[in-house]
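Novice: Shown below is the structure under consideration.
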Amino acid sequence: MADTSLPLPPGSTIGILGGGQLGRMLSMAAARLGFRTHVYCPDPDSPAFQVTDRRTVAPYEDQAALADFAQAVDAVTYEFENIPSATAAALARTVRVEPSPSILDMTQDRYVEKSFISRNGLAVADFATVSGTAEIEAAAGRIGYPCILKTRRFGYDGKGQTRVERPADIPDAWSAIGGKPAILEAHVPFLREVSAIVARGSDGTLRSFDIAENRHENGILRSTTVPAGISAATAEAARAAGYRLAESLFYTGVVAVELFVVADGEDGERLLVNEIAPRVHNSGHWTEDACSISQFEMHMRAVANWPLPVPFRHSDVEMTNLLGNEVDNFAKIAALPDTRIHLYGKVGVRPGRKMGHINRLAPLRGR
Ligand SMILES: Nc1ncnc2c1ncn2[C@@H]1O[C@H](COP(=O)(O)OP(=O)(O)O)[C@@H](O)[C@H]1O
Ligand SMILES: [Mg+2]
């Protein structure tokens, strides 16, 4: 294995597990630093394949394909947290994999993840593990209504979760999530949602992007605004939460922490951690156009053991996702002033599918 205390030289190949838009943008950032990328994804239509030097189209369980991939790359990262952790662990026997595969085990299970967060002294919504209607009823009695039932595993973009308003909803809620092991969580009457996107280098260097404010529709991120409409103290607390989690995981790379801002007293604010994404994040796409370094370059630098610069945001920005057939308006959008458009090259439009995003820039008003 390469000496991990040295920076990976340009010309090296970084392997990326997962071929979605995040892999695509990671690959483009790596290319700017002189790296080659090798994307591994089972789906032959993956957007990242269009912008990578090498590709493997194979299931994540294909041991022979994984062995060849490990041979062909100098380091591995992932763009998707539902990569089987056994896949990442198998690769880690012969090649550097960052973030560490053990982090996948933790973030793939909402119960394990929430327990980890609260063990680290950070507040989360009340939660309980449940595996049947009787347990849901008992937990809801304690947590209170309304509450949210979420599958422990494989949820994303609001999928695998449903709201429970009253005891009579429980049987339908349980079947709506497919009767899978779940957590029941208090519904949080948040003022805002924000995210902390932080990076940690293998030498322990910590960096943070400005805190972003996120608006979701139907569980899918609609838009991100920076600066967030929160106090300086709340922004500092969000950053500190990101740093604490990155440090306690001995994390290498970019990690996103989603947080709820809730009212505290008359006009105070308090944070609850919602979830951790062990990867670059949709709410960090603004960094590509409004900051001296993007989350994608920051992540690739951390994986390659390069120096991590302090990010400098030079503009205010609003990122808006282009969902489903909104992408059909590309020509109109491309004519907007102060707006940069990013399209993912996806084959096939489906309602709610993330097809691209735009960053609308404005002069810096403050932090
Ligand atoms: N406990 C909660 N209270 C209020 N809103 C919630 C809660 N949990 C999730 N949501 C809403 O649903 C969105 C998606 O839920 P999240 O837990 O982040 O799952 P996903 O993995 O799909 O992103 C959140 O960003 C938030 O808007
Ligand atoms: Mg989320």
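Every chain in the structure tokens has a letter given in the order shown (A, B, ...), and although residue numbers restart at 1 in each chain, ligands are simply numbered from 1 in the order shown.
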Using only C-alpha atoms and all ligand atoms, what are the residues with an atom within 7 Å of ligand 2, set out as an mmCIF file with N, CA, C and O atoms, in the first residue's frame?
Specialist:
```
data_model
loop_
_atom_site.group_PDB
_atom_site.id
_atom_site.type_symbol
_atom_site.label_atom_id
_atom_site.label_comp_id
_atom_site.auth_asym_id
_atom_site.auth_seq_id
_atom_site.Cartn_x
_atom_site.Cartn_y
_atom_site.Cartn_z
ATOM 1 N N TYR A 156 -33.299 7.366 1.658
ATOM 2 C CA TYR A 156 -32.656 8.568 1.113
ATOM 3 C C TYR A 156 -33.728 9.419 0.466
ATOM 4 O O TYR A 156 -34.790 8.898 0.085
ATOM 5 N N ASP A 157 -33.461 10.722 0.330
ATOM 6 C CA ASP A 157 -34.407 11.649 -0.297
ATOM 7 C C ASP A 157 -35.836 11.451 0.230
ATOM 8 O O ASP A 157 -36.803 11.477 -0.530
ATOM 9 N N GLU A 258 -26.403 17.031 8.882
ATOM 10 C CA GLU A 258 -27.686 17.735 8.734
ATOM 11 C C GLU A 258 -28.225 18.035 10.122
ATOM 12 O O GLU A 258 -28.242 17.160 10.990
ATOM 13 N N GLU A 275 -28.890 13.874 10.715
ATOM 14 C CA GLU A 275 -28.123 12.718 10.259
ATOM 15 C C GLU A 275 -26.764 13.125 9.729
ATOM 16 O O GLU A 275 -26.492 14.298 9.486
#
```
Novice: Check the DSSP output for the backbone and give back, as a CSV table (one decimal) with N, CA, C and O atoms, in the first residue's frame, the residues of segment 101-324 of chain A in strand (DSSP E or B).
Specialist:
```
chain,number,residue,atom,x,y,z
A,127,PHE,N,-35.8,9.2,20.0
A,127,PHE,CA,-36.0,8.1,19.1
A,127,PHE,C,-36.0,6.8,19.8
A,127,PHE,O,-35.6,6.7,21.0
A,128,ALA,N,-36.5,5.8,19.1
A,128,ALA,CA,-36.6,4.5,19.6
A,128,ALA,C,-36.5,3.5,18.5
A,128,ALA,O,-36.9,3.8,17.4
A,129,THR,N,-35.9,2.3,18.7
A,129,THR,CA,-35.9,1.3,17.7
A,129,THR,C,-37.2,0.5,17.8
A,129,THR,O,-37.6,0.2,18.9
A,130,VAL,N,-37.8,0.2,16.6
A,130,VAL,CA,-39.1,-0.5,16.6
A,130,VAL,C,-39.1,-1.5,15.5
A,130,VAL,O,-38.5,-1.3,14.5
A,147,CYS,N,-45.1,11.8,15.1
A,147,CYS,CA,-43.8,11.3,15.1
A,147,CYS,C,-43.5,10.7,13.7
A,147,CYS,O,-44.4,10.7,12.8
A,148,ILE,N,-42.3,10.3,13.4
A,148,ILE,CA,-41.9,9.9,12.1
A,148,ILE,C,-41.3,8.5,12.2
A,148,ILE,O,-40.4,8.3,13.0
A,149,LEU,N,-41.8,7.6,11.3
A,149,LEU,CA,-41.3,6.3,11.3
A,149,LEU,C,-40.4,6.2,10.1
A,149,LEU,O,-40.7,6.5,9.0
A,150,LYS,N,-39.1,5.7,10.3
A,150,LYS,CA,-38.1,5.7,9.3
A,150,LYS,C,-37.5,4.3,9.3
A,150,LYS,O,-37.1,3.8,10.4
A,151,THR,N,-37.3,3.7,8.1
A,151,THR,CA,-36.5,2.4,8.1
A,151,THR,C,-35.1,2.7,8.6
A,151,THR,O,-34.6,3.7,8.4
A,161,GLN,N,-39.7,6.6,4.8
A,161,GLN,CA,-40.2,7.3,6.0
A,161,GLN,C,-41.6,7.8,5.9
A,161,GLN,O,-42.0,8.1,4.7
A,162,THR,N,-42.3,7.8,7.0
A,162,THR,CA,-43.7,8.3,6.9
A,162,THR,C,-44.1,8.9,8.3
A,162,THR,O,-43.5,8.5,9.3
A,163,ARG,N,-45.0,9.8,8.2
A,163,ARG,CA,-45.4,10.5,9.4
A,163,ARG,C,-46.5,9.8,10.1
A,163,ARG,O,-47.4,9.2,9.4
A,164,VAL,N,-46.5,9.7,11.4
A,164,VAL,CA,-47.6,9.1,12.2
A,164,VAL,C,-48.2,10.2,13.0
A,164,VAL,O,-47.6,10.7,13.9
A,182,ALA,N,-37.1,-0.4,12.0
A,182,ALA,CA,-37.2,1.0,11.9
A,182,ALA,C,-36.9,1.8,13.1
A,182,ALA,O,-36.6,1.1,14.2
A,183,ILE,N,-36.8,3.1,13.0
A,183,ILE,CA,-36.8,3.9,14.2
A,183,ILE,C,-38.0,4.8,14.2
A,183,ILE,O,-38.5,5.2,13.1
A,184,LEU,N,-38.5,5.1,15.4
A,184,LEU,CA,-39.6,6.0,15.5
A,184,LEU,C,-38.9,7.3,16.1
A,184,LEU,O,-38.2,7.2,17.1
A,185,GLU,N,-39.2,8.4,15.5
A,185,GLU,CA,-38.5,9.6,15.9
A,185,GLU,C,-39.6,10.7,16.2
A,185,GLU,O,-40.6,10.8,15.5
A,186,ALA,N,-39.3,11.6,17.2
A,186,ALA,CA,-40.2,12.7,17.4
A,186,ALA,C,-40.2,13.6,16.2
A,186,ALA,O,-39.2,13.8,15.6
A,192,ARG,N,-35.6,26.0,11.0
A,192,ARG,CA,-34.9,25.9,9.8
A,192,ARG,C,-34.1,24.6,9.8
A,192,ARG,O,-33.9,24.0,10.9
A,193,GLU,N,-33.7,24.2,8.6
A,193,GLU,CA,-32.7,23.1,8.5
A,193,GLU,C,-31.4,23.7,8.0
A,193,GLU,O,-31.4,24.5,7.1
A,194,VAL,N,-30.3,23.2,8.6
A,194,VAL,CA,-29.0,23.7,8.1
A,194,VAL,C,-28.1,22.5,8.0
A,194,VAL,O,-28.4,21.4,8.5
A,195,SER,N,-27.0,22.7,7.3
A,195,SER,CA,-26.0,21.6,7.3
A,195,SER,C,-24.6,22.2,7.4
A,195,SER,O,-24.3,23.3,7.0
A,196,ALA,N,-23.8,21.4,8.1
A,196,ALA,CA,-22.4,21.7,8.3
A,196,ALA,C,-21.6,20.7,7.4
A,196,ALA,O,-21.8,19.5,7.6
A,197,ILE,N,-20.8,21.3,6.5
A,197,ILE,CA,-20.0,20.4,5.7
A,197,ILE,C,-18.6,20.7,6.1
A,197,ILE,O,-18.1,21.8,5.9
A,198,VAL,N,-18.0,19.7,6.6
A,198,VAL,CA,-16.6,19.8,7.2
A,198,VAL,C,-15.7,18.8,6.5
A,198,VAL,O,-16.1,17.8,6.0
A,199,ALA,N,-14.4,19.1,6.6
A,199,ALA,CA,-13.4,18.2,6.0
A,199,ALA,C,-12.4,17.9,7.1
A,199,ALA,O,-12.1,18.8,8.0
A,200,ARG,N,-11.9,16.7,7.1
A,200,ARG,CA,-10.8,16.4,8.0
A,200,ARG,C,-9.7,15.7,7.2
A,200,ARG,O,-10.0,14.8,6.4
A,206,LEU,N,-8.7,20.2,10.4
A,206,LEU,CA,-10.2,20.4,10.2
A,206,LEU,C,-10.5,21.7,9.4
A,206,LEU,O,-9.9,22.7,9.7
A,207,ARG,N,-11.4,21.6,8.5
A,207,ARG,CA,-11.9,22.7,7.7
A,207,ARG,C,-13.4,22.7,7.7
A,207,ARG,O,-14.0,21.6,7.7
A,208,SER,N,-14.0,23.8,7.5
A,208,SER,CA,-15.4,23.9,7.4
A,208,SER,C,-15.9,24.9,6.4
A,208,SER,O,-15.3,26.0,6.3
A,212,ALA,N,-24.9,26.1,5.7
A,212,ALA,CA,-25.9,26.3,4.6
A,212,ALA,C,-27.3,26.0,5.2
A,212,ALA,O,-27.5,25.2,6.1
A,213,GLU,N,-28.2,26.8,4.7
A,213,GLU,CA,-29.6,26.6,5.1
A,213,GLU,C,-30.4,25.8,4.0
A,213,GLU,O,-30.3,26.2,2.8
A,214,ASN,N,-31.1,24.8,4.3
A,214,ASN,CA,-31.7,23.9,3.4
A,214,ASN,C,-33.2,23.9,3.4
A,214,ASN,O,-33.8,23.8,4.5
A,215,ARG,N,-33.8,23.9,2.3
A,215,ARG,CA,-35.3,23.7,2.2
A,215,ARG,C,-35.6,22.4,1.5
A,215,ARG,O,-35.1,22.2,0.4
A,216,HIS,N,-36.4,21.6,2.1
A,216,HIS,CA,-36.8,20.3,1.5
A,216,HIS,C,-38.2,20.4,1.1
A,216,HIS,O,-39.1,21.1,1.7
A,217,GLU,N,-38.5,19.6,0.0
A,217,GLU,CA,-39.9,19.4,-0.4
A,217,GLU,C,-40.1,18.0,-0.6
A,217,GLU,O,-39.4,17.3,-1.3
A,220,ILE,N,-37.1,15.8,-0.3
A,220,ILE,CA,-36.0,16.0,-1.3
A,220,ILE,C,-35.5,17.4,-1.1
A,220,ILE,O,-36.3,18.4,-1.0
A,221,LEU,N,-34.2,17.6,-1.2
A,221,LEU,CA,-33.6,18.9,-1.1
A,221,LEU,C,-34.1,19.8,-2.3
A,221,LEU,O,-33.9,19.4,-3.4
A,222,ARG,N,-34.7,20.9,-2.0
A,222,ARG,CA,-35.1,21.8,-3.1
A,222,ARG,C,-34.1,22.9,-3.3
A,222,ARG,O,-33.7,23.2,-4.4
A,223,SER,N,-33.7,23.6,-2.2
A,223,SER,CA,-32.7,24.7,-2.4
A,223,SER,C,-31.9,24.8,-1.1
A,223,SER,O,-32.2,24.4,0.0
A,224,THR,N,-30.7,25.4,-1.3
A,224,THR,CA,-29.7,25.7,-0.3
A,224,THR,C,-29.3,27.1,-0.4
A,224,THR,O,-29.0,27.6,-1.5
A,225,THR,N,-29.3,27.8,0.8
A,225,THR,CA,-29.0,29.3,0.8
A,225,THR,C,-27.8,29.5,1.7
A,225,THR,O,-27.8,29.0,2.8
A,226,VAL,N,-26.8,30.3,1.3
A,226,VAL,CA,-25.7,30.6,2.1
A,226,VAL,C,-25.5,32.1,2.0
A,226,VAL,O,-25.4,32.6,0.8
A,253,GLY,N,-11.7,13.1,4.8
A,253,GLY,CA,-12.6,13.4,3.7
A,253,GLY,C,-13.6,14.5,4.1
A,253,GLY,O,-13.5,15.1,5.2
A,254,VAL,N,-14.6,14.7,3.2
A,254,VAL,CA,-15.7,15.6,3.5
A,254,VAL,C,-16.8,14.8,4.1
A,254,VAL,O,-17.2,13.8,3.6
A,255,VAL,N,-17.4,15.4,5.2
A,255,VAL,CA,-18.6,14.8,5.8
A,255,VAL,C,-19.6,15.9,6.0
A,255,VAL,O,-19.3,17.0,6.3
A,256,ALA,N,-20.9,15.5,5.8
A,256,ALA,CA,-22.0,16.5,5.9
A,256,ALA,C,-22.8,16.1,7.2
A,256,ALA,O,-23.1,14.9,7.4
A,257,VAL,N,-23.1,17.1,8.0
A,257,VAL,CA,-24.0,16.9,9.1
A,257,VAL,C,-25.3,17.7,8.9
A,257,VAL,O,-25.2,18.9,8.8
A,258,GLU,N,-26.4,17.0,8.9
A,258,GLU,CA,-27.7,17.7,8.7
A,258,GLU,C,-28.2,18.0,10.1
A,258,GLU,O,-28.2,17.2,11.0
A,259,LEU,N,-28.7,19.3,10.3
A,259,LEU,CA,-29.1,19.7,11.6
A,259,LEU,C,-30.5,20.4,11.5
A,259,LEU,O,-30.8,21.1,10.5
A,260,PHE,N,-31.3,20.3,12.6
A,260,PHE,CA,-32.5,21.1,12.7
A,260,PHE,C,-32.2,22.2,13.7
A,260,PHE,O,-31.6,22.0,14.7
A,261,VAL,N,-32.7,23.4,13.4
A,261,VAL,CA,-32.6,24.6,14.3
A,261,VAL,C,-34.0,24.7,14.9
A,261,VAL,O,-35.0,24.9,14.2
A,262,VAL,N,-34.0,24.6,16.2
A,262,VAL,CA,-35.3,24.7,16.9
A,262,VAL,C,-35.3,25.9,17.9
A,262,VAL,O,-34.2,26.4,18.3
A,263,ALA,N,-36.5,26.4,18.2
A,263,ALA,CA,-36.6,27.6,19.1
A,263,ALA,C,-36.2,27.1,20.5
A,263,ALA,O,-36.5,26.0,20.9
A,264,ASP,N,-35.5,28.1,21.1
A,264,ASP,CA,-35.1,27.8,22.5
A,264,ASP,C,-35.5,29.1,23.3
A,264,ASP,O,-34.8,30.1,23.2
A,268,GLY,N,-34.2,32.4,21.5
A,268,GLY,CA,-33.0,31.6,21.3
A,268,GLY,C,-33.1,30.5,20.3
A,268,GLY,O,-34.2,30.3,19.8
A,269,GLU,N,-32.0,29.9,19.9
A,269,GLU,CA,-32.0,28.8,19.0
A,269,GLU,C,-31.1,27.7,19.5
A,269,GLU,O,-30.2,27.9,20.3
A,270,ARG,N,-31.5,26.5,19.2
A,270,ARG,CA,-30.8,25.3,19.6
A,270,ARG,C,-30.7,24.3,18.5
A,270,ARG,O,-31.6,24.3,17.6
A,271,LEU,N,-29.7,23.4,18.5
A,271,LEU,CA,-29.6,22.5,17.3
A,271,LEU,C,-29.8,21.1,17.7
A,271,LEU,O,-29.5,20.7,18.8
A,272,LEU,N,-30.5,20.3,16.8
A,272,LEU,CA,-30.6,18.9,17.0
A,272,LEU,C,-29.9,18.3,15.7
A,272,LEU,O,-30.2,18.8,14.6
A,273,VAL,N,-29.1,17.3,15.9
A,273,VAL,CA,-28.5,16.7,14.7
A,273,VAL,C,-29.5,15.7,14.1
A,273,VAL,O,-30.1,14.9,14.8
A,274,ASN,N,-29.7,15.8,12.8
A,274,ASN,CA,-30.6,14.9,12.1
A,274,ASN,C,-29.8,13.7,11.6
A,274,ASN,O,-30.1,12.5,12.0
A,275,GLU,N,-28.9,13.9,10.7
A,275,GLU,CA,-28.1,12.7,10.3
A,275,GLU,C,-26.8,13.1,9.7
A,275,GLU,O,-26.5,14.3,9.5
A,276,ILE,N,-25.9,12.1,9.5
A,276,ILE,CA,-24.6,12.3,9.0
A,276,ILE,C,-24.5,11.6,7.6
A,276,ILE,O,-25.0,10.5,7.5
A,277,ALA,N,-23.9,12.4,6.7
A,277,ALA,CA,-23.7,11.7,5.4
A,277,ALA,C,-22.2,11.6,5.2
A,277,ALA,O,-21.5,12.7,5.2
A,291,CYS,N,-17.2,29.8,-3.8
A,291,CYS,CA,-16.1,29.5,-2.8
A,291,CYS,C,-14.8,29.3,-3.5
A,291,CYS,O,-14.8,28.8,-4.6
A,313,ARG,N,-15.5,31.9,1.1
A,313,ARG,CA,-16.7,32.1,0.4
A,313,ARG,C,-16.7,33.5,-0.2
A,313,ARG,O,-16.5,34.5,0.6
A,315,SER,N,-19.0,34.8,-2.4
A,315,SER,CA,-20.3,35.3,-2.9
A,315,SER,C,-21.4,34.7,-2.0
A,315,SER,O,-21.2,33.7,-1.4
A,316,ASP,N,-22.5,35.4,-1.9
A,316,ASP,CA,-23.7,34.8,-1.4
A,316,ASP,C,-24.3,33.9,-2.5
A,316,ASP,O,-24.0,34.2,-3.7
A,317,VAL,N,-25.1,32.9,-2.1
A,317,VAL,CA,-25.5,32.0,-3.2
A,317,VAL,C,-26.7,31.3,-2.8
A,317,VAL,O,-27.0,31.0,-1.6
A,318,GLU,N,-27.5,30.9,-3.8
A,318,GLU,CA,-28.7,30.1,-3.6
A,318,GLU,C,-28.5,28.9,-4.7
A,318,GLU,O,-28.5,29.2,-5.9
A,319,MET,N,-28.5,27.7,-4.2
A,319,MET,CA,-28.4,26.5,-5.0
A,319,MET,C,-29.8,26.0,-5.1
A,319,MET,O,-30.5,25.9,-4.1
A,320,THR,N,-30.3,25.7,-6.4
A,320,THR,CA,-31.6,25.1,-6.5
A,320,THR,C,-31.4,23.8,-7.3
A,320,THR,O,-30.8,23.8,-8.4
A,321,ASN,N,-32.0,22.7,-6.9
A,321,ASN,CA,-32.0,21.5,-7.6
A,321,ASN,C,-32.9,21.5,-8.8
A,321,ASN,O,-34.0,22.1,-8.7
A,322,LEU,N,-32.5,21.0,-9.9
A,322,LEU,CA,-33.4,20.8,-11.1
A,322,LEU,C,-33.9,19.4,-11.0
A,322,LEU,O,-33.2,18.4,-11.1
A,323,LEU,N,-35.2,19.3,-10.6
A,323,LEU,CA,-35.8,18.0,-10.4
A,323,LEU,C,-36.7,17.6,-11.6
A,323,LEU,O,-37.5,18.4,-12.1
```
Novice: Would you please work out which residue, of A:Asp126, A:Asp105, A:Glu79, A:Asp68, is nearest to ligand 1 when using only C-alpha atoms and all ligand atoms?
Specialist: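 Nearest to ligand 1: A:Asp126.
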Novice: Show me, as a PDB file with C-alpha atoms, in the first residue's frame, the residues that have an atom within 7 Å of segment 340-347 of chain A when counting only C-alpha atoms, minus same-chain residues fewer than 6 positions from it.
Specialist:
```pdb
ATOM      1  CA  GLN A  21     -23.800  12.877  -9.827  1.00  0.00           C
ATOM      2  CA  ASP A  45     -25.796   4.399 -17.441  1.00  0.00           C
ATOM      3  CA  PRO A  47     -23.519   9.780 -14.915  1.00  0.00           C
ATOM      4  CA  ALA A 334     -28.749  29.037 -19.070  1.00  0.00           C
ATOM      5  CA  MET A 355     -31.132  16.036 -13.001  1.00  0.00           C
ATOM      6  CA  GLY A 356     -28.911  19.025 -12.239  1.00  0.00           C
ATOM      7  CA  HIS A 357     -28.682  22.155 -10.140  1.00  0.00           C
ATOM      8  CA  ILE A 358     -28.077  25.863 -10.501  1.00  0.00           C
ATOM      9  CA  ASN A 359     -26.087  28.266  -8.355  1.00  0.00           C
ATOM     10  CA  ARG A 360     -27.324  31.861  -8.371  1.00  0.00           C
TER      11      ARG A 360
END
```
Novice: When distances are computed from only C-alpha atoms and all ligand atoms, which of A:Ile117, A:Ala302, A:Leu191, A:Cys41 shows the smallest separation from ligand 1?
Specialist: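 Closest to ligand 1, using only C-alpha atoms and all ligand atoms: A:Leu191.
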Novice: Choose the residue, out of A:Ala233, A:Ile136, A:Ala86, A:Val76, that has the smallest atom-to-atom separation from Thr252 of chain A; count only C-alpha atoms.
Specialist: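 For Thr252 of chain A, the nearest of the candidates is A:Val76.
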Novice: Could you state the separation of atom CA of Glu297 of chain A and atom CA of Ala29 of chain A in Å, given to one decimal place?
Specialist: 5.1 Å
Novice: Show me, as a PyMOL selection string, the residues that have an atom within 10 Å of segment 33-38 of chain A when counting only C-alpha atoms, minus same-chain residues fewer than 5 positions from it.
Specialist: chain A and resi 8-17+19+23-24+26-28+48-49+51-56+69+72-76+297+300-301+304
Novice: Go through A:Met298, A:Ala138, A:Ile333, A:Ala92 one by one, measure the shortest atom-to-atom distance of each to Val280 of chain A using only C-alpha atoms, and give the residue with the smallest value.
Specialist: A:Met298
Novice: Smallest atom-to-atom distance to ligand 1: which of A:Ser85, A:Asn218, A:Ser46, A:Thr94, using only C-alpha atoms and all ligand atoms?
Specialist: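 Smallest distance to ligand 1 is found for A:Asn218.
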Novice: Enumerate the residues of segment 59-269 of chain A with a DSSP assignment of alpha helix (DSSP H), computed from the backbone, and present them as a PyMOL selection string.
Specialist: chain A and resi 63-72+85-92+101-107+110-119+133-143+170-176+232-248
Novice: Do you know which residues are at most 8 Å from Ile293 of chain A counting only C-alpha atoms, after dropping those on the same chain fewer than 4 positions away, and could you put them as a PyMOL selection string?
Specialist: chain A and resi 287-288+297-298+309+311-312
Novice: With only C-alpha atoms as the counted atoms, please give the residues lying no more than 8 Å from Gly324 of chain A, apart from itself and same-chain residues fewer than 2 positions off, as number ranges by chain.
Specialist: A: 322, 326-327, 349-355
Novice: Take the residues from that selection and write them out as a JSON list (two decimals), in the first residue's frame, keeping N, CA and C atoms.
Specialist:
```
[["chain", "number", "residue", "atom", "x", "y", "z"],
["A", 322, "LEU", "N", -32.51, 20.97, -9.92],
["A", 322, "LEU", "CA", -33.40, 20.80, -11.07],
["A", 322, "LEU", "C", -33.94, 19.38, -10.97],
["A", 326, "GLU", "N", -37.95, 19.65, -14.87],
["A", 326, "GLU", "CA", -37.48, 21.05, -14.79],
["A", 326, "GLU", "C", -36.23, 21.24, -15.67],
["A", 327, "VAL", "N", -35.52, 20.16, -15.89],
["A", 327, "VAL", "CA", -34.31, 20.23, -16.69],
["A", 327, "VAL", "C", -34.61, 20.58, -18.16],
["A", 349, "VAL", "N", -35.63, 10.86, -17.48],
["A", 349, "VAL", "CA", -36.16, 11.81, -16.50],
["A", 349, "VAL", "C", -37.28, 11.11, -15.74],
["A", 350, "ARG", "N", -37.24, 11.17, -14.42],
["A", 350, "ARG", "CA", -38.36, 10.67, -13.61],
["A", 350, "ARG", "C", -38.77, 11.79, -12.67],
["A", 351, "PRO", "N", -40.06, 11.83, -12.26],
["A", 351, "PRO", "CA", -40.48, 12.89, -11.34],
["A", 351, "PRO", "C", -39.60, 12.87, -10.08],
["A", 352, "GLY", "N", -39.13, 14.05, -9.69],
["A", 352, "GLY", "CA", -38.33, 14.16, -8.46],
["A", 352, "GLY", "C", -36.88, 13.75, -8.63],
["A", 353, "ARG", "N", -36.51, 13.20, -9.77],
["A", 353, "ARG", "CA", -35.11, 12.77, -9.95],
["A", 353, "ARG", "C", -34.20, 13.99, -10.07],
["A", 354, "LYS", "N", -33.06, 13.94, -9.38],
["A", 354, "LYS", "CA", -32.12, 15.06, -9.44],
["A", 354, "LYS", "C", -31.38, 15.02, -10.78],
["A", 355, "MET", "N", -31.70, 16.00, -11.64],
["A", 355, "MET", "CA", -31.13, 16.04, -13.00],
["A", 355, "MET", "C", -29.99, 17.04, -13.14]]
```
Novice: Considering only C-alpha atoms and all ligand atoms, state which residue in the set A:Arg32, A:His314, A:Arg110, A:Lys159 is at the smallest distance from ligand 1.
Specialist: A:Lys159
